[in-house]
Amino acid sequence: DGKEALELLQQKQFDIMLTDIQMPLMDGLQLMEEAVKLDQEMKTVIISRHEKFEYARKALRLKVVDYLVKPVEPGTFAELMKKIIAQVEIRKRTRQIAEKGLGYVKEHALYGLLNGKSVEDVKAESGELVDLKEFEKIRCLLLLEFASDFYNRTGVGIRDEILQVVGEESVYLNLNPQQSVLLLPCDDNSIVKRTAEAVVDYIRETYQEGCYIA
């Protein structure tokens with residue numbers, strides 16, 4: 001029913017919602033009104049026996065992707081879902097690119113701070129895009145050193161791999177082909193030691209590369 005669907009939407013983010021108009025406890029239009037408040041980017045398709053213009057007008061106001069009248073022809077439904085899924089994937093890729101771009105701006109700002117630049121200069125260079133208060137959570141810095149030109153061999157993808165090992169709250173910053181720093185939001189010695197060991201083990205097992213951490 002509509003009320004149960006809304007409870008699910010409040011607990012988890014969905015890309016696509018298929019709904020009828022008439023449902024117990026909460027109808028489809030009420031559900032969509034509440035769903036839009038939670039997530040304006042979710043794609044909604046109505047599948048209903050009702051062809052009333054008033055329903056269709058309200059659905060358009062709520063930015064419904066399509067309004068299908070039962071019985072729905074399988075080929076039509078398949079083509080519609082294919083189009084919607086493609087739109088969702090484009091939106092996700094665009095968001096990832098934007099987030100990654102901001103991530104590089106943050107890394108550049110942090111690199112400047114580590115190399116002695118003033119807070120004012122870093123703010124000016126980042127165009128005020130970076131909230132430097134985010135760096136206040138950093139409690140520990142680990143220096144990673146490699147025997148070879150590790151970064152040139154692995155490329156920028158190693159950053160995401162390392163963060164999957166240690167957690168997204170940490171920051172990985174490359175200094176040169178043989179050195180990187182890992183900034184952790186924790187200074188508990190036992191946790192820091194386990195984190196360092198996990199990174200060394202991952203690099204050794206995945207890339208057969210020696211890694212030394214200080």
# chains A, B, ... in the order shown; residues from 1 in each chain; ligands from 1

$ residues_around --residues "Lys43 (chain A)" --least-positions-apart "6" --cutoff "12 Å" --atoms "only C-alpha atoms" --output "list in words"
Gln13, Phe14, Asp15, Ile16, Met17, Leu18, Thr19, Met32, Ala35, Val36, Leu62, Lys63, Val64, Val65, Asp66, Tyr67, Leu80, Met81, Lys83, Ile84, Ile85, Ala86, Gln87, Val88, Glu89 and Arg91 of chain A

$ closest_residue --among "A:Asn176, A:Ser118, A:Gln10, A:Gln22" --to "Arg153 (chain A)" --atoms "only C-alpha atoms"
A:Asn176

$ select_by_dssp --residues "chain A" --states "strand (DSSP E or B)" --output "ChimeraX atom specification"
/A:16-19,43-48,66-69,140-146,171-176,179-184,211-213

$ closest_residue --among "A:Ala198, A:Lys137, A:Phe146, A:Glu205" --to "Leu183 (chain A)" --atoms "only C-alpha atoms"
A:Lys137

$ residues_around --residues "Gln178 (chain A)" --least-positions-apart "5" --cutoff "10 Å" --atoms "only C-alpha atoms" --output "PDB file with C-alpha atoms, in the first residue's frame"
ATOM      1  CA  LEU A 144      53.584   5.888   2.708  1.00  0.00           C
ATOM      2  CA  GLU A 145      56.834   5.242   0.876  1.00  0.00           C
ATOM      3  CA  PHE A 146      57.357   2.820  -2.018  1.00  0.00           C
ATOM      4  CA  ALA A 147      60.473   1.244  -3.467  1.00  0.00           C
ATOM      5  CA  SER A 148      59.475   2.049  -7.072  1.00  0.00           C
ATOM      6  CA  ASP A 149      57.449   4.664  -8.981  1.00  0.00           C
ATOM      7  CA  PHE A 150      54.267   3.177  -7.570  1.00  0.00           C
ATOM      8  CA  TYR A 151      51.922   6.063  -8.328  1.00  0.00           C
ATOM      9  CA  ASN A 152      52.975   6.281 -11.976  1.00  0.00           C
ATOM     10  CA  CYS A 211      55.276  -0.311   1.125  1.00  0.00           C
TER      11      CYS A 211
END

$ closest_residue --among "A:Leu143, A:Cys186, A:Ile46, A:Val192" --to "Leu173 (chain A)" --atoms "only C-alpha atoms"
A:Leu143

$ select_by_dssp --residues "region 63-209 of chain A" --states "helix (DSSP H, G or I)" --output "ChimeraX atom specification"
/A:74-114,119-125,132-137,150-154,157-166,189-207

$ residues_around --residues "region 194-197 of chain A" --least-positions-apart "6" --cutoff "8 Å" --atoms "only C-alpha atoms" --output "PDB file with C-alpha atoms, in the first residue's frame"
ATOM      1  CA  LEU A 142      50.844   8.390   7.889  1.00  0.00           C
ATOM      2  CA  VAL A 166      40.642   2.486   5.358  1.00  0.00           C
ATOM      3  CA  ILE A 213      54.717   3.473   6.574  1.00  0.00           C
TER       4      ILE A 213
END

$ atom_distance --atom1 "CA of Ile21 (chain A)" --atom2 "CA of Lys3 (chain A)"
12.9 Å

$ atom_distance --atom1 "CA of Asp160 (chain A)" --atom2 "CA of Thr206 (chain A)"
13.9 Å

$ closest_residue --among "A:Pro177, A:Glu169, A:Gln208, A:Val69" --to "Val156 (chain A)" --atoms "only C-alpha atoms"
A:Pro177

$ residues_around --residues "Leu6 (chain A)" --least-positions-apart "6" --cutoff "10 Å" --atoms "only C-alpha atoms" --output "PyMOL selection string"
chain A and resi 26+30-32+34-35+38
